[in-house]
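Okay, structure first, notes after.
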Amino acid sequence: MLQFNNVMEVFKLLDKSNCRKCNEKTCLAFAAAVYKGKKQINECPVVSDKVASGYGIRKNQADLYQEELENTVKKFGEELSRIDFETAAERIGGVFDGNKLTLKIMGKNFSLDTDGKIYTDIHVNSWVLVSVFRYIINCKGASVEGDWVPFRELAGGRARYRLFAQQCEKPMKRLADKHPDLLADMADLFSDGKVSDQYQSDIAVILSPLPLVPMLICYWKAEDGMASSLNLFFDVTAEGNIGIEGVYILGAGITQMFEKLALQHGRSTG
Ligand code: SF4
């Protein structure tokens with residue numbers, strides 16, 4: 001099976017029309033994404049199936065998604081098999097019916113049975129799935145206090161804030177700048193109708209990505225020469241419940257989920 005050795009090898013296979021059907025701004029950006037493994041060569045419609053298959057690309061996105069989830073399940077399988085679902089359900093705000101442990105993830109049902117099979121109403125990405133598994137295994141079960149703090153004010157948040165801002169707040173702000181109605185749409189989809197008036201922001205949405213780890217997104221529009229800004233806040237108990245790494249992974253997963261939803265609804269994330 002052929003492998004790409006550099007970006008230009010990918011670029012040579014494209015028609016350089018920058019038509020954007022691959023959801024990248026240019027053919028060169030698409031080539032870079034393929035070389036880094038973020039996109040598959042067959043996501044460009046001008047590349048023939050014959051050429052794409054030479055690079056081992058036969059799987060469609062649904063297959064890749066399924067494979068990614070299965071790999072994540074495998075990775076956590078042993079630890080999950082040691083968990084008593086009944087006591088876990090009480091600890092983490094879930095429900096156990098004798099076979100399946102069910103949690104509300106962003107207001108939708110997410111279930112895991114005792115054989116490790118997932119049933120979900122929500123299109124989770126692997127980051128979100130990792131967050132859910134870590135939550136089931138590690139969450140301490142502290143109740144939400146309703147006291148919101150920014151990521152950098154969590155005990156371990158300062159050291160990781162630069163990465164968090166890069167992976168979560170900046171991309172989410174870009175989405176909100178470009179599509180001011182996006183957060184409102186996400187609130188309609190996922191927030192159980194809960195909207196906060198915290199911090200006099202223009203838009204404030206409370207999401208519940210995990211039952212005991214809510215997330216508050218506050219967005220301030222650009223005004224009077226001041227740039228727009230967006231901050232994510234977590235309940236003061238978040239770090240104690242899932243650890244700072246868990247909070248970071250959750251933020252990154254939700255950001256990726258929003259970016260993907262924006263693309264699916266015809267909105268560019270660039
Ligand atoms: S779909 Fe193909 S031709 Fe169009 S911009 Fe993307 S890489 Fe270029």
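In the structure tokens, chains take letters A, B, ... by order of appearance, with residues numbered from 1 within each chain and ligands from 1 in the order shown.
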- Message: as a list in words, please: the residues near stretch 26-39 of chain A (cut-off 8 Å, only C-alpha atoms, same-chain neighbours under 4 positions excluded).
- Response: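 Those residues are Phe4, Asn5, Asn6, Val7, Met8, Val10, Phe11, Leu14, Asp15, Lys16, Ser17, Asn18, Cys19, Arg20, Cys22 and Glu43 of chain A.
Every protein or nucleic acid residue with an atom no more than 9 Å from A:Gln200, counting only C-alpha atoms and leaving out same-chain residues fewer than 3 positions away, appears here: Asp197, Ile203, Ala204, Cys218 and Trp220 of chain A.
Residues surrounding A:Asn241 within 10 Å are Ile92, Tyr135, Asn138, Cys139, Lys140, Gly141, Ala142, Ser143, Val144, Leu212, Val213, Val236, Thr237, Gly246 and Val247 of chain A [only C-alpha atoms; sequence separation below 4 positions excluded].
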Could you save those same residues with C-alpha atoms as a compact mmCIF listing (two decimals), in the first residue's frame?
```
# COMPACT_ATOMS: atom_id res chain seq x y z
CA ILE A 92 -22.05 9.47 38.71
CA TYR A 135 -16.03 9.82 33.94
CA ASN A 138 -12.96 7.93 37.87
CA CYS A 139 -15.68 10.44 38.73
CA LYS A 140 -15.70 11.09 42.47
CA GLY A 141 -19.42 11.91 42.51
CA ALA A 142 -19.23 15.39 44.07
CA SER A 143 -22.47 17.33 43.56
CA VAL A 144 -22.45 20.40 41.34
CA LEU A 212 -21.92 16.12 37.19
CA VAL A 213 -19.68 18.25 34.96
CA VAL A 236 -15.73 24.48 40.92
CA THR A 237 -16.11 20.71 41.54
CA GLY A 246 -10.42 15.08 32.09
CA VAL A 247 -11.71 18.67 32.03
```
- Shell around A:Ile118 at 12 Å using only C-alpha atoms, local window under 6 positions removed, as a list of chain:residue names: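 In the requested form, the answer reads A:Gln66, A:Leu69, A:Glu70, A:Thr72, A:Val73, A:Lys74, A:Gly77, A:Asn99, A:Lys100, A:Leu101, A:Thr102, A:Leu103, A:Asn109, A:Phe110, A:Ser111, A:Leu112, A:Val124, A:Leu129, A:Val132, A:Phe133.
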Just write the chosen residues, N, CA, C and O atoms, as a CSV table (one decimal), in the first residue's frame.
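The resulting file, selection23.csv, is reproduced below:
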```csv
chain,number,residue,atom,x,y,z
A,66,GLN,N,-17.0,4.4,13.2
A,66,GLN,CA,-17.3,3.2,13.9
A,66,GLN,C,-16.0,2.6,14.5
A,66,GLN,O,-15.9,2.2,15.6
A,69,LEU,N,-14.5,4.6,17.4
A,69,LEU,CA,-15.2,4.3,18.6
A,69,LEU,C,-14.9,2.9,19.2
A,69,LEU,O,-14.6,2.8,20.4
A,70,GLU,N,-14.8,1.9,18.3
A,70,GLU,CA,-14.5,0.6,18.7
A,70,GLU,C,-13.1,0.5,19.4
A,70,GLU,O,-12.9,-0.1,20.4
A,72,THR,N,-11.6,3.0,20.8
A,72,THR,CA,-11.6,3.7,22.2
A,72,THR,C,-12.3,2.7,23.2
A,72,THR,O,-11.8,2.6,24.3
A,73,VAL,N,-13.3,2.0,22.8
A,73,VAL,CA,-13.9,1.0,23.7
A,73,VAL,C,-12.9,0.0,24.1
A,73,VAL,O,-12.8,-0.3,25.3
A,74,LYS,N,-12.1,-0.5,23.1
A,74,LYS,CA,-11.1,-1.5,23.4
A,74,LYS,C,-10.1,-1.0,24.5
A,74,LYS,O,-9.7,-1.7,25.4
A,77,GLY,N,-11.7,-1.0,27.7
A,77,GLY,CA,-12.5,-2.2,28.0
A,77,GLY,C,-12.2,-2.9,29.3
A,77,GLY,O,-13.1,-3.2,30.1
A,99,ASN,N,-28.7,-4.2,32.9
A,99,ASN,CA,-27.9,-4.5,31.7
A,99,ASN,C,-27.1,-3.3,31.2
A,99,ASN,O,-25.9,-3.3,30.9
A,100,LYS,N,-27.8,-2.1,31.1
A,100,LYS,CA,-27.2,-0.9,30.6
A,100,LYS,C,-27.1,0.2,31.6
A,100,LYS,O,-28.0,0.4,32.3
A,101,LEU,N,-25.9,0.8,31.6
A,101,LEU,CA,-25.7,2.0,32.4
A,101,LEU,C,-26.0,3.2,31.4
A,101,LEU,O,-25.4,3.3,30.4
A,102,THR,N,-27.0,4.0,31.8
A,102,THR,CA,-27.3,5.2,30.9
A,102,THR,C,-27.0,6.5,31.6
A,102,THR,O,-27.4,6.7,32.8
A,103,LEU,N,-26.4,7.4,30.8
A,103,LEU,CA,-26.1,8.7,31.3
A,103,LEU,C,-26.7,9.7,30.3
A,103,LEU,O,-26.9,9.4,29.1
A,109,ASN,N,-29.6,10.5,25.6
A,109,ASN,CA,-29.2,9.3,26.3
A,109,ASN,C,-27.9,8.7,25.7
A,109,ASN,O,-27.8,8.6,24.5
A,110,PHE,N,-27.1,8.2,26.6
A,110,PHE,CA,-25.9,7.5,26.2
A,110,PHE,C,-25.8,6.3,27.1
A,110,PHE,O,-25.8,6.4,28.3
A,111,SER,N,-25.8,5.1,26.5
A,111,SER,CA,-25.8,3.8,27.3
A,111,SER,C,-24.7,3.0,26.9
A,111,SER,O,-24.2,2.9,25.8
A,112,LEU,N,-24.2,2.3,27.9
A,112,LEU,CA,-23.1,1.3,27.8
A,112,LEU,C,-23.6,0.0,28.4
A,112,LEU,O,-24.0,0.0,29.6
A,124,VAL,N,-21.1,11.1,19.2
A,124,VAL,CA,-20.0,11.5,20.0
A,124,VAL,C,-18.7,11.3,19.2
A,124,VAL,O,-18.6,10.4,18.3
A,129,LEU,N,-16.0,10.5,23.8
A,129,LEU,CA,-16.1,9.1,24.3
A,129,LEU,C,-15.1,8.8,25.4
A,129,LEU,O,-15.4,8.2,26.5
A,132,VAL,N,-16.3,10.3,28.6
A,132,VAL,CA,-17.4,9.6,29.2
A,132,VAL,C,-16.8,8.4,29.9
A,132,VAL,O,-17.2,8.1,31.1
A,133,PHE,N,-15.9,7.7,29.3
A,133,PHE,CA,-15.3,6.5,30.0
A,133,PHE,C,-14.5,6.9,31.2
A,133,PHE,O,-14.6,6.2,32.2
```
- Query: Closest to A:Phe258 among A:Thr114, A:Asn42, A:Ser53, A:Asn125, using only C-alpha atoms?
  - Reply: A:Asn125
- Task: Mind checking which residues fall within 8 Å of A:Ile83, counting only C-alpha atoms, ignoring those fewer than 4 positions away in the same chain, and posting them as a ChimeraX atom specification?
- Result: /A:79,88,137
Deliver the residues from the most recent selection as a file, using N, CA and C atoms, as a PDB file, in the first residue's frame.
```
ATOM      1  N   GLU A  79     -10.631  -1.703  32.032  1.00  0.00           N
ATOM      2  CA  GLU A  79     -11.005  -0.905  33.208  1.00  0.00           C
ATOM      3  C   GLU A  79     -12.523  -0.872  33.400  1.00  0.00           C
ATOM      4  N   ALA A  88     -21.749   2.400  40.221  1.00  0.00           N
ATOM      5  CA  ALA A  88     -21.250   3.518  39.400  1.00  0.00           C
ATOM      6  C   ALA A  88     -22.393   4.464  39.052  1.00  0.00           C
ATOM      7  N   ILE A 137     -15.321   5.690  35.042  1.00  0.00           N
ATOM      8  CA  ILE A 137     -14.299   4.994  35.842  1.00  0.00           C
ATOM      9  C   ILE A 137     -13.861   5.832  37.047  1.00  0.00           C
TER      10      ILE A 137
END
```
- Task: Provide the atom CA of A:Phe233 to atom CA of A:Leu207 distance in Å, to one decimal place.
- Result: 10.5 Å
- Item | Those of stretch 55-262 of chain A in DSSP strand (DSSP E), formatted as a ChimeraX atom specification | /A:95-96,100-105,108-113,118-120,148-150,203-210,213-220,229-235
- Please give the complete set of residues from stretch 17-256 of chain A that DSSP, run on the backbone, assigns to helix (DSSP H, G or I), formatted as a ChimeraX atom specification. /A:27-35,41-43,49-54,61-81,85-92,126-138,151-153,157-178,182-190,198-200,238-256
Considering only C-alpha atoms, return as a PDB file with N, CA, C and O atoms, in the first residue's frame whatever protein or nucleic-acid residues lie within 12 Å of A:Glu223, sequence-local ones (same chain, fewer than 5 positions apart) excluded.
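Saved to part30.pdb:
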```pdb
ATOM      1  N   SER A 201     -22.562  38.604  29.689  1.00  0.00           N
ATOM      2  CA  SER A 201     -22.143  38.255  28.330  1.00  0.00           C
ATOM      3  C   SER A 201     -23.330  38.414  27.383  1.00  0.00           C
ATOM      4  O   SER A 201     -24.481  38.469  27.824  1.00  0.00           O
ATOM      5  N   ASP A 202     -23.026  38.509  26.079  1.00  0.00           N
ATOM      6  CA  ASP A 202     -24.115  38.620  25.106  1.00  0.00           C
ATOM      7  C   ASP A 202     -24.836  37.289  24.943  1.00  0.00           C
ATOM      8  O   ASP A 202     -26.035  37.242  24.735  1.00  0.00           O
ATOM      9  N   SER A 228     -14.154  40.603  20.134  1.00  0.00           N
ATOM     10  CA  SER A 228     -15.052  39.642  20.791  1.00  0.00           C
ATOM     11  C   SER A 228     -14.227  38.716  21.684  1.00  0.00           C
ATOM     12  O   SER A 228     -13.014  38.600  21.517  1.00  0.00           O
ATOM     13  N   SER A 229     -14.903  38.078  22.609  1.00  0.00           N
ATOM     14  CA  SER A 229     -14.184  37.067  23.396  1.00  0.00           C
ATOM     15  C   SER A 229     -15.144  35.965  23.825  1.00  0.00           C
ATOM     16  O   SER A 229     -16.372  36.149  23.821  1.00  0.00           O
TER      17      SER A 229
END
```
- Message: Just checking: using only C-alpha atoms, which residue out of A:Val51, A:Leu154, A:Cys168, A:Leu183 ends up closest to A:Gly253?
- Response: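 Selected residue with least distance to A:Gly253: A:Cys168.
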- For each of A:Lys12, A:Lys21, A:Lys221, A:Arg160, take the minimum atom-to-atom distance to ligand 1, counting only C-alpha atoms and all ligand atoms, then give the residue where this is smallest. A:Lys21
- What is the atom CA of A:Gln256-atom CA of A:Arg152 distance in Å, reported with one decimal?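 Distance reported for this atom pair: 20.2 Å.
Closest approach to A:Val128 from the set A:Phe234, A:Tyr248, A:Phe85, A:Phe151 is made by A:Tyr248, with distances taken over only C-alpha atoms.
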